[in-house]
>>> print(open('run_24.csv').read())   # CSV, C-alpha atoms
chain,number,residue,atom,x,y,z
A,11,MET,CA,98.6,138.6,26.2
A,12,ALA,CA,95.2,138.2,28.0
A,13,THR,CA,95.2,137.9,31.8
A,14,PRO,CA,95.2,134.3,33.0
A,15,LEU,CA,92.1,132.9,34.8
A,16,LEU,CA,94.2,132.1,37.9
A,17,SER,CA,97.7,133.1,38.9
A,18,LEU,CA,99.1,132.4,42.3
A,19,THR,CA,102.4,132.3,44.2
A,20,TRP,CA,103.1,129.9,47.1
A,21,THR,CA,105.8,130.4,49.6
A,22,ASP,CA,107.1,127.3,51.5
A,23,HIS,CA,106.9,127.9,55.2
A,24,LEU,CA,110.0,125.9,55.9
A,25,THR,CA,112.5,127.0,53.3
A,26,GLY,CA,111.0,130.3,52.0
A,27,ARG,CA,111.3,128.9,48.4
A,28,GLN,CA,108.5,129.8,46.1
A,29,GLY,CA,106.2,127.8,43.8
A,30,PHE,CA,103.7,129.0,41.2
A,31,LEU,CA,100.5,127.9,39.5
A,32,VAL,CA,99.0,129.6,36.5
A,33,VAL,CA,95.7,128.5,34.9
A,34,ASP,CA,95.4,130.2,31.6
A,35,ARG,CA,91.9,129.0,30.9
A,36,LEU,CA,89.6,126.1,31.6
A,37,VAL,CA,87.8,124.0,29.0
A,38,ARG,CA,85.1,121.7,30.4
A,39,GLY,CA,86.3,122.9,33.8
A,40,VAL,CA,89.8,121.4,33.4
A,41,ALA,CA,93.2,122.6,32.4
A,42,SER,CA,96.3,120.6,31.5
A,43,GLY,CA,100.0,121.4,32.0
A,44,GLY,CA,103.1,120.0,33.6
A,45,LEU,CA,105.0,120.9,36.7
A,46,ARG,CA,108.7,122.0,36.4
A,47,MET,CA,111.4,122.5,39.0
A,48,ARG,CA,114.4,124.6,38.4
A,49,ALA,CA,116.4,127.2,40.2
A,50,GLY,CA,115.3,130.6,39.1
A,51,CYS,CA,111.8,129.6,38.0
A,52,THR,CA,109.5,132.6,37.9
A,53,LEU,CA,105.8,133.5,37.8
A,54,ASP,CA,106.3,135.1,34.4
A,55,GLU,CA,107.9,132.0,33.0
A,56,VAL,CA,105.1,129.8,34.3
A,57,THR,CA,102.5,132.3,32.9
A,58,GLY,CA,104.1,132.0,29.4
A,59,LEU,CA,104.1,128.2,29.6
A,60,ALA,CA,100.5,128.1,30.7
A,61,ARG,CA,99.5,130.2,27.6
A,62,GLY,CA,101.6,127.8,25.5
A,63,MET,CA,99.6,124.9,26.9
A,64,THR,CA,96.3,126.5,25.8
A,65,VAL,CA,97.7,126.7,22.3
A,66,LYS,CA,99.1,123.1,22.3
A,67,GLU,CA,95.7,121.8,23.4
A,68,ALA,CA,93.9,123.7,20.7
A,69,LEU,CA,96.3,122.7,17.9
A,70,HIS,CA,95.5,119.0,18.5
A,71,TYR,CA,91.8,119.5,18.4
A,72,ASP,CA,90.1,117.0,16.0
A,73,PRO,CA,86.3,116.7,16.1
A,74,ALA,CA,86.7,113.1,15.1
A,75,ASN,CA,88.7,112.2,18.2
A,76,ARG,CA,87.4,110.9,21.5
A,77,TYR,CA,89.9,113.3,23.2
A,78,VAL,CA,88.9,116.9,23.1
A,79,PRO,CA,91.1,119.7,24.3
A,80,LEU,CA,91.4,120.9,27.9
A,81,GLY,CA,92.5,124.4,28.9
A,82,GLY,CA,96.1,125.4,29.5
A,83,ALA,CA,97.9,125.6,32.8
A,84,LYS,CA,101.4,125.2,34.3
A,85,GLY,CA,103.1,124.8,37.6
A,86,GLY,CA,106.7,125.7,38.7
A,87,ILE,CA,108.9,125.5,41.7
A,88,ASP,CA,112.0,127.7,42.2
A,89,CYS,CA,114.5,125.0,43.3
A,90,ASP,CA,117.4,123.0,41.9
A,91,PRO,CA,116.0,119.5,41.5
A,92,ARG,CA,119.3,118.2,42.8
A,93,ASP,CA,119.0,120.0,46.1
A,94,PRO,CA,118.4,117.7,49.1
A,95,GLU,CA,115.4,119.8,50.0
A,96,ALA,CA,113.8,119.3,46.5
A,97,TYR,CA,111.7,116.3,47.1
A,98,PRO,CA,110.2,117.4,50.5
A,99,LEU,CA,109.5,120.7,48.9
A,100,LEU,CA,107.7,119.1,46.0
A,101,VAL,CA,105.5,117.1,48.4
A,102,ARG,CA,104.6,120.3,50.3
A,103,TYR,CA,103.9,122.2,47.0
A,104,LEU,CA,101.6,119.4,45.8
A,105,ARG,CA,99.9,119.3,49.2
A,106,ALA,CA,99.3,123.1,49.0
A,107,MET,CA,98.0,122.7,45.4
A,108,ARG,CA,95.8,119.7,46.2
A,109,PRO,CA,92.5,121.6,45.9
A,110,TYR,CA,93.4,122.7,42.3
A,111,ILE,CA,94.7,119.3,41.3
A,112,GLU,CA,91.6,117.6,42.6
A,113,SER,CA,89.2,120.0,40.9
A,114,CYS,CA,90.7,121.5,37.7
A,115,TRP,CA,94.5,121.1,37.1
A,116,THR,CA,95.9,118.0,35.6
A,117,THR,CA,99.7,117.9,35.7
A,118,GLY,CA,102.7,115.7,35.2
A,119,GLU,CA,106.5,115.7,34.7
A,120,ASP,CA,108.3,118.7,33.1
A,121,LEU,CA,111.8,120.1,33.3
A,122,GLY,CA,113.7,118.8,36.4
A,123,LEU,CA,111.1,116.2,37.4
A,124,THR,CA,110.2,112.7,36.2
A,125,GLN,CA,106.7,111.3,36.2
A,126,ASP,CA,107.7,108.6,38.7
A,127,LEU,CA,108.8,111.4,41.1
A,128,VAL,CA,105.6,113.4,40.6
A,129,ASP,CA,103.5,110.3,41.1
A,130,ARG,CA,105.3,109.4,44.3
A,131,ALA,CA,105.1,112.9,45.7
A,132,ALA,CA,101.5,113.2,44.7
A,133,ALA,CA,100.6,110.0,46.7
A,134,GLU,CA,102.5,111.3,49.7
A,135,ALA,CA,100.6,114.6,49.4
A,136,GLY,CA,97.3,112.7,49.6
A,137,LEU,CA,96.3,112.9,46.0
A,138,VAL,CA,94.7,110.0,44.1
A,139,SER,CA,96.6,111.0,40.9
A,140,SER,CA,98.2,114.1,39.4
A,141,ILE,CA,95.6,114.0,36.6
A,142,GLN,CA,92.5,113.1,38.7
A,143,ALA,CA,90.7,116.3,37.7
A,144,VAL,CA,90.1,114.8,34.2
A,145,TYR,CA,88.5,111.6,35.5
A,146,PRO,CA,84.9,113.0,35.6
A,147,LEU,CA,85.2,113.7,31.8
A,148,LEU,CA,85.9,110.0,31.0
A,149,ASP,CA,83.3,107.6,29.7
A,150,ASP,CA,84.8,104.7,31.6
A,151,GLU,CA,87.2,105.9,34.3
A,152,ALA,CA,88.4,102.4,35.3
A,153,GLU,CA,89.1,101.3,31.7
A,154,ALA,CA,90.8,104.6,30.9
A,155,ARG,CA,93.1,104.5,33.9
A,156,ARG,CA,94.0,100.9,33.1
A,157,ARG,CA,94.8,101.8,29.5
A,158,LEU,CA,97.1,104.7,30.6
A,159,ARG,CA,98.7,102.5,33.3
A,160,ASP,CA,99.4,99.8,30.8
A,161,ALA,CA,100.8,102.4,28.4
A,162,PHE,CA,103.2,103.6,31.0
A,163,ALA,CA,104.4,100.0,31.6
A,164,VAL,CA,105.3,99.6,27.9
A,165,GLU,CA,109.1,99.6,27.2
A,166,VAL,CA,111.0,99.8,24.0
A,167,ASP,CA,114.6,98.7,24.2
A,168,GLY,CA,114.4,99.0,27.9
A,169,ILE,CA,113.1,102.6,27.8
A,170,GLY,CA,109.5,103.6,28.8
A,171,LEU,CA,107.1,104.6,26.1
A,172,ASP,CA,106.3,107.7,28.0
A,173,GLU,CA,109.9,108.8,27.7
A,174,LEU,CA,110.1,108.0,24.0
A,175,VAL,CA,106.9,109.4,22.5
A,176,GLY,CA,107.8,113.1,23.0
A,177,GLY,CA,111.1,112.7,21.2
A,178,CYS,CA,109.3,110.8,18.5
A,179,GLY,CA,107.1,113.9,18.0
A,180,VAL,CA,110.1,116.3,18.0
A,181,ALA,CA,112.0,114.2,15.5
A,182,GLU,CA,109.0,114.0,13.2
A,183,ALA,CA,108.6,117.8,13.3
A,184,ALA,CA,112.2,118.2,12.2
A,185,LEU,CA,111.8,115.5,9.5
A,186,ALA,CA,108.7,117.2,8.2
A,187,ALA,CA,110.6,120.5,7.8
A,188,LEU,CA,113.4,118.7,6.0
A,189,ASP,CA,111.0,117.0,3.7
A,190,ARG,CA,109.2,120.2,2.9
A,191,ALA,CA,112.6,121.8,2.0
A,192,GLY,CA,113.7,118.8,-0.1
A,193,VAL,CA,116.7,118.1,2.2
A,194,PRO,CA,117.8,114.4,2.4
A,195,TYR,CA,118.2,112.9,5.8
A,196,ALA,CA,121.6,111.4,5.1
A,197,GLY,CA,124.3,114.0,5.6
A,198,THR,CA,122.1,116.2,7.7
A,199,ARG,CA,123.8,117.1,10.9
A,200,VAL,CA,122.2,117.7,14.3
A,201,ALA,CA,123.3,119.4,17.5
A,202,LEU,CA,121.3,119.1,20.8
A,203,GLN,CA,121.3,120.9,24.0
A,204,GLY,CA,120.2,118.4,26.6
A,205,LEU,CA,120.2,114.6,26.6
A,206,GLY,CA,117.5,114.1,29.2
A,207,THR,CA,114.1,112.5,28.5
A,208,MET,CA,113.1,114.7,25.5
A,209,GLY,CA,116.6,115.3,24.1
A,210,GLY,CA,117.7,111.7,24.4
A,211,ALA,CA,114.6,110.3,22.7
A,212,THR,CA,114.9,113.0,20.0
A,213,ALA,CA,118.5,112.0,19.3
A,214,ARG,CA,117.6,108.4,19.1
A,215,PHE,CA,114.7,108.9,16.6
A,216,LEU,CA,116.7,111.3,14.4
A,217,THR,CA,119.7,109.0,14.3
A,218,ARG,CA,117.6,106.1,13.3
A,219,ALA,CA,116.0,108.2,10.6
A,220,GLY,CA,119.5,108.6,9.1
A,221,LEU,CA,120.6,112.0,10.4
A,222,THR,CA,124.0,112.4,12.1
A,223,VAL,CA,124.2,113.8,15.7
A,224,VAL,CA,127.5,115.8,15.8
A,225,ALA,CA,127.1,117.7,19.1
A,226,VAL,CA,125.4,117.1,22.5
A,227,ALA,CA,125.5,119.5,25.5
A,228,ASP,CA,124.9,118.5,29.1
A,229,LEU,CA,125.8,120.1,32.5
A,230,LYS,CA,129.4,119.2,32.1
A,231,GLY,CA,129.9,120.7,28.6
A,232,THR,CA,129.5,119.9,24.9
A,233,ILE,CA,130.6,116.7,23.3
A,234,VAL,CA,131.3,117.0,19.6
A,235,ASN,CA,132.4,114.7,16.8
A,236,ARG,CA,131.9,115.9,13.2
A,237,ALA,CA,131.9,112.4,11.9
A,238,GLY,CA,129.0,111.6,14.3
A,239,LEU,CA,128.6,110.7,17.9
A,240,ASP,CA,127.6,107.2,19.1
A,241,VAL,CA,124.2,108.3,20.4
A,242,GLU,CA,123.2,104.9,21.8
A,243,ALA,CA,126.5,104.7,23.8
A,244,LEU,CA,125.9,108.2,25.2
A,245,LEU,CA,122.3,107.4,26.1
A,246,ALA,CA,123.4,104.3,28.0
A,247,ALA,CA,126.0,106.4,29.9
A,248,ARG,CA,123.5,109.1,31.2
A,249,ASP,CA,122.6,109.6,34.8
A,250,ALA,CA,119.1,110.5,36.0
A,251,HIS,CA,119.5,114.1,35.0
A,252,GLY,CA,120.8,113.4,31.5
A,253,THR,CA,124.5,114.0,32.2
A,254,VAL,CA,126.9,111.7,30.3
A,255,ASP,CA,129.7,109.7,31.9
A,256,ARG,CA,132.7,110.9,30.0
A,257,CYS,CA,134.2,107.4,30.2
A,258,ALA,CA,131.8,106.5,27.4
A,259,LEU,CA,133.5,108.9,24.9
A,260,ARG,CA,135.3,107.5,21.9
A,261,PRO,CA,138.8,108.6,20.8
A,262,GLY,CA,137.3,110.9,18.1
A,263,ASP,CA,135.0,112.7,20.5
A,264,ARG,CA,136.0,116.1,21.9
A,265,GLU,CA,134.8,118.1,24.9
A,266,LEU,CA,134.1,121.8,24.5
A,267,PRO,CA,132.5,124.4,26.7
A,268,GLY,CA,128.9,124.1,27.6
A,269,ASP,CA,127.6,126.7,25.2
A,270,ALA,CA,129.6,125.4,22.2
A,271,TRP,CA,126.4,123.5,21.0
A,272,LEU,CA,125.1,126.9,19.7
A,273,ALA,CA,127.9,127.3,17.1
A,274,ALA,CA,128.1,123.6,16.2
A,275,ASP,CA,128.5,122.8,12.5
A,276,ALA,CA,125.0,121.5,12.2
A,277,ASP,CA,121.9,121.9,10.0
A,278,VAL,CA,119.4,121.3,12.8
A,279,LEU,CA,119.8,122.7,16.3
A,280,VAL,CA,117.6,121.2,19.0
A,281,PRO,CA,117.5,123.1,22.3
A,282,ALA,CA,116.0,120.4,24.5
A,283,ALA,CA,117.0,121.5,28.0
A,284,VAL,CA,116.1,124.8,29.5
A,285,SER,CA,114.0,127.9,28.7
A,286,TYR,CA,115.6,131.1,27.4
A,287,ALA,CA,118.7,129.3,26.1
A,288,VAL,CA,118.9,131.5,23.0
A,289,ASP,CA,118.9,135.2,23.3
A,290,ALA,CA,119.5,138.3,21.1
A,291,GLY,CA,123.2,138.1,21.9
A,292,ASN,CA,124.1,134.4,21.4
A,293,GLN,CA,121.8,133.8,18.5
A,294,GLU,CA,124.6,135.3,16.3
A,295,ARG,CA,126.6,132.1,16.9
A,296,ILE,CA,123.9,129.9,15.3
A,297,THR,CA,124.7,128.7,11.8
A,298,ALA,CA,122.0,126.0,11.6
A,299,ARG,CA,119.2,126.3,9.1
A,300,TRP,CA,116.5,125.1,11.6
A,301,VAL,CA,116.1,125.5,15.3
A,302,VAL,CA,113.7,122.9,16.6
A,303,GLU,CA,112.3,123.8,20.1
A,304,ALA,CA,112.1,120.5,22.0
A,305,ALA,CA,112.3,122.5,25.3
A,306,ASN,CA,109.6,125.0,26.4
A,307,MET,CA,110.4,128.6,25.4
A,308,PRO,CA,114.2,128.1,24.7
A,309,VAL,CA,114.4,130.9,22.2
A,310,ARG,CA,113.5,134.4,23.3
A,311,PRO,CA,111.1,136.4,21.1
A,312,GLU,CA,113.7,139.0,20.1
A,313,ALA,CA,116.2,136.3,19.2
A,314,GLU,CA,113.6,134.5,17.0
A,315,LEU,CA,113.1,137.7,15.0
A,316,LEU,CA,116.8,138.1,14.5
A,317,LEU,CA,117.1,134.5,13.4
A,318,ALA,CA,114.2,134.8,11.0
A,319,ALA,CA,115.9,137.8,9.5
A,320,ARG,CA,119.0,135.7,8.9
A,321,GLY,CA,116.9,132.9,7.2
A,322,VAL,CA,116.9,130.6,10.2
A,323,THR,CA,113.6,128.9,10.8
A,324,VAL,CA,112.5,128.3,14.3
A,325,LEU,CA,110.0,125.5,14.7
A,326,PRO,CA,108.1,126.5,17.9
A,327,ASP,CA,107.7,124.5,21.1
A,328,VAL,CA,103.8,124.8,21.0
A,329,VAL,CA,104.0,122.4,18.0
A,330,VAL,CA,107.3,120.6,18.3
A,331,ASN,CA,107.0,119.2,21.9
A,332,SER,CA,103.2,118.9,22.0
A,333,GLY,CA,103.3,115.1,21.3
A,334,THR,CA,103.9,114.1,24.9
A,335,ASN,CA,100.8,115.9,26.2
A,336,ALA,CA,98.7,114.8,23.3
A,337,TRP,CA,99.8,111.1,23.8
A,338,TRP,CA,98.6,111.1,27.4
A,339,TRP,CA,95.1,112.2,26.4
A,340,TRP,CA,94.9,110.1,23.2
A,341,THR,CA,95.6,107.1,25.4
A,342,LEU,CA,93.4,108.1,28.3
A,343,PHE,CA,90.4,108.9,26.2
A,344,GLY,CA,90.9,105.8,24.0
A,345,ASP,CA,92.0,107.1,20.6
A,346,ILE,CA,95.0,104.8,20.9
A,347,GLY,CA,95.8,101.8,23.0
A,348,ALA,CA,98.8,100.8,25.1
A,349,ASP,CA,101.0,99.9,22.2
A,350,ALA,CA,104.3,101.5,21.2
A,351,GLU,CA,103.9,101.1,17.4
A,352,GLU,CA,100.4,102.5,17.5
A,353,ALA,CA,101.6,105.4,19.7
A,354,PHE,CA,104.5,106.2,17.4
A,355,ALA,CA,102.5,106.0,14.2
A,356,TYR,CA,99.7,108.2,15.6
A,357,THR,CA,102.2,110.7,16.9
A,358,ARG,CA,104.1,110.8,13.6
A,359,ARG,CA,101.0,111.3,11.6
A,360,SER,CA,99.5,114.0,13.8
A,361,MET,CA,102.8,115.9,14.1
A,362,ARG,CA,103.5,115.8,10.4
A,363,VAL,CA,100.0,117.1,9.6
A,364,LEU,CA,100.4,119.9,12.2
A,365,VAL,CA,103.9,120.9,11.0
A,366,GLU,CA,103.0,121.0,7.4
A,367,ARG,CA,99.8,123.0,8.1
A,368,MET,CA,101.9,125.5,10.2
A,369,LEU,CA,104.6,125.9,7.6
A,370,ALA,CA,102.1,126.4,4.8
A,371,ARG,CA,100.3,129.0,6.9
A,372,ALA,CA,103.5,130.8,7.7
A,373,GLN,CA,104.4,130.9,4.0
A,374,ALA,CA,101.0,132.1,3.0
A,375,ASP,CA,100.9,134.8,5.7
A,376,GLY,CA,104.5,135.8,5.3
A,377,THR,CA,105.1,135.3,9.0
A,378,THR,CA,107.0,133.0,11.4
A,379,PRO,CA,106.0,129.4,12.1
A,380,ARG,CA,105.2,130.4,15.7
A,381,ALA,CA,102.9,133.2,14.6
A,382,ALA,CA,101.3,130.7,12.2
A,383,ALA,CA,100.8,128.1,14.9
A,384,HIS,CA,99.1,130.7,17.2
A,385,ALA,CA,96.9,131.8,14.3
A,386,ILE,CA,95.8,128.2,13.7
A,387,ALA,CA,95.0,127.8,17.4
A,388,ALA,CA,93.2,131.1,17.5
A,389,ASP,CA,91.0,129.8,14.6
A,390,ARG,CA,90.2,126.7,16.6
A,391,LEU,CA,89.5,128.2,20.1
A,392,PRO,CA,86.1,129.7,19.2
A,393,LEU,CA,85.1,126.2,17.8
A,394,ILE,CA,86.2,124.6,21.1
A,395,ALA,CA,84.4,127.2,23.1
A,396,GLU,CA,81.2,126.8,21.1
A,397,ARG,CA,81.2,123.1,21.6
A,398,PHE,CA,82.5,122.7,25.1
A,399,GLY,CA,82.6,126.1,26.7
A,400,TRP,CA,85.5,127.7,28.6
A,401,PHE,CA,86.3,130.0,31.5
A,402,ARG,CA,88.9,132.6,30.7
>>> encode(input="run_24.csv", output="structure tokens")
Amino acid sequence: MATPLLSLTWTDHLTGRQGFLVVDRLVRGVASGGLRMRAGCTLDEVTGLARGMTVKEALHYDPANRYVPLGGAKGGIDCDPRDPEAYPLLVRYLRAMRPYIESCWTTGEDLGLTQDLVDRAAAEAGLVSSIQAVYPLLDDEAEARRRLRDAFAVEVDGIGLDELVGGCGVAEAALAALDRAGVPYAGTRVALQGLGTMGGATARFLTRAGLTVVAVADLKGTIVNRAGLDVEALLAARDAHGTVDRCALRPGDRELPGDAWLAADADVLVPAAVSYAVDAGNQERITARWVVEAANMPVRPEAELLLAARGVTVLPDVVVNSGTNAWWWWTLFGDIGADAEEAFAYTRRSMRVLVERMLARAQADGTTPRAAAHAIAADRLPLIAERFGWFR
């Protein structure tokens, strides 16, 4: 892996906790990538995520679009988001990163943080916006900001469009893989780790497509029902961190240990919570045919190779969960408006084209979907550099 353009570690003067920023590369002087907060977050983790953002941006490049790719970046804070010190720490981190956010790093919610929380902390840290670095690239900044603000105000069934669009993309990636394999939706079983923003929206879209969610894991454990869980009831019973109130369980639902989701009797496994959830040891428990990476880096590289050898296809995060990031920019740059149906249709179409291209490339090259996705991005990066330039 090439050395990132910028890599820094920040130590909070009050708590001694650390935060990180990695800019993998800049395109047109700007890089895009969210900010996560979790206990145990490391610089290596953030570095891998930043490189993944470069790939995600390149994969969605379409010369016909108004939106053109940015570079890849990522931020991380080593703290449990439930810690009483978490919010003040977030504000101090953003204040320390203010020069980068103002000039070259656009960021937003990631694991452990919501966009509302990032926006509130950014304002307290003296920032105009967490994405203000991209404003000089817009043709009409006021109109673009109004469009994005209106899009964030859109709700579907009481849930914000920004929370749903990523899950729409994850679900469409899974459905595209099923279609390519000729597998009907009815009777296809799904297990998810995580029922937060991404996992919850993914569960909703897959269920509405006709698949059956048979297992869901959260911080309290794994909830299973081979006949199918009531996804809407579980979603309604979540707290802010995606933990389900067990009072919402039905008589046929059972509670198992937290890692039981790995061995669930499912065709599709969706790790949608944390990085490094699947390793060389526990991958042996997986019987699903597809692992769909809704979270960032949930499957370790050595585990992915072992899964591939067993005939398990891993659909990589750089494609699967790229819809949220792309939606921000499609909306801000004006490729789509502040409309849910337009956003979902655009996301579905883009994700399906991308997944089908990736799987066809993997089959032709005799490699994994992840390697194919990186190869596609590598083909596009020189075109992006030639047209827009980058700093690496």
>>> residues_around(input="run_24.csv", residues="Thr253 (chain A)", least_positions_apart="3", cutoff="7 Å", atoms="only C-alpha atoms", output="PyMOL selection string")
chain A and resi 228-229+248-249
>>> closest_residue(input="run_24.csv", among="A:Leu123, A:Val166, A:Ala395, A:Leu202", to="Asp349 (chain A)", atoms="only C-alpha atoms")
A:Val166
>>> closest_residue(input="run_24.csv", among="A:Gly118, A:Gln203, A:Gly210, A:Ala12", to="Asp269 (chain A)", atoms="only C-alpha atoms")
A:Gln203
>>> residues_around(input="run_24.csv", residues="region 125-134 of chain A", least_positions_apart="6", cutoff="7 Å", atoms="only C-alpha atoms", output="MDAnalysis selection string")
chainID A and resid 100:101 104 118:119 140
>>> closest_residue(input="run_24.csv", among="A:His384, A:Arg92, A:Arg76, A:Arg102", to="Leu24 (chain A)", atoms="only C-alpha atoms")
A:Arg102
>>> decode(input="run_24.csv", residues="region 306-321 of chain A", atoms="N, CA and C atoms", output="short mmCIF file (atom, residue, chain, number, x, y, z; two decimals), in the first residue's frame")
data_model
loop_
_atom_site.label_atom_id
_atom_site.label_comp_id
_atom_site.auth_asym_id
_atom_site.auth_seq_id
_atom_site.Cartn_x
_atom_site.Cartn_y
_atom_site.Cartn_z
N ASN A 306 -17.38 -1.12 7.51
CA ASN A 306 -16.07 -0.93 6.91
C ASN A 306 -15.09 -1.96 7.46
N MET A 307 -14.44 -2.68 6.58
CA MET A 307 -13.40 -3.65 6.91
C MET A 307 -13.84 -4.69 7.95
N PRO A 308 -15.02 -5.28 7.83
CA PRO A 308 -15.43 -6.27 8.84
C PRO A 308 -14.77 -7.63 8.67
N VAL A 309 -14.28 -7.95 7.48
CA VAL A 309 -13.65 -9.24 7.23
C VAL A 309 -12.15 -9.04 7.03
N ARG A 310 -11.36 -9.69 7.85
CA ARG A 310 -9.91 -9.57 7.71
C ARG A 310 -9.45 -10.26 6.42
N PRO A 311 -8.37 -9.76 5.82
CA PRO A 311 -7.92 -10.31 4.53
C PRO A 311 -7.68 -11.82 4.56
N GLU A 312 -7.06 -12.33 5.63
CA GLU A 312 -6.78 -13.76 5.69
C GLU A 312 -8.08 -14.57 5.77
N ALA A 313 -9.10 -14.01 6.45
CA ALA A 313 -10.39 -14.68 6.53
C ALA A 313 -11.08 -14.69 5.17
N GLU A 314 -10.94 -13.61 4.44
CA GLU A 314 -11.57 -13.54 3.12
C GLU A 314 -11.02 -14.60 2.18
N LEU A 315 -9.72 -14.83 2.23
CA LEU A 315 -9.12 -15.86 1.39
C LEU A 315 -9.62 -17.25 1.77
N LEU A 316 -9.75 -17.49 3.06
CA LEU A 316 -10.26 -18.79 3.52
C LEU A 316 -11.72 -18.97 3.13
N LEU A 317 -12.49 -17.92 3.21
CA LEU A 317 -13.89 -17.99 2.81
C LEU A 317 -14.01 -18.27 1.31
N ALA A 318 -13.18 -17.58 0.53
CA ALA A 318 -13.20 -17.78 -0.92
C ALA A 318 -12.86 -19.22 -1.27
N ALA A 319 -11.92 -19.80 -0.54
CA ALA A 319 -11.54 -21.19 -0.79
C ALA A 319 -12.68 -22.15 -0.49
N ARG A 320 -13.59 -21.73 0.39
CA ARG A 320 -14.76 -22.56 0.73
C ARG A 320 -15.98 -22.24 -0.14
N GLY A 321 -15.79 -21.35 -1.10
CA GLY A 321 -16.89 -21.00 -1.99
C GLY A 321 -17.81 -19.92 -1.48
#
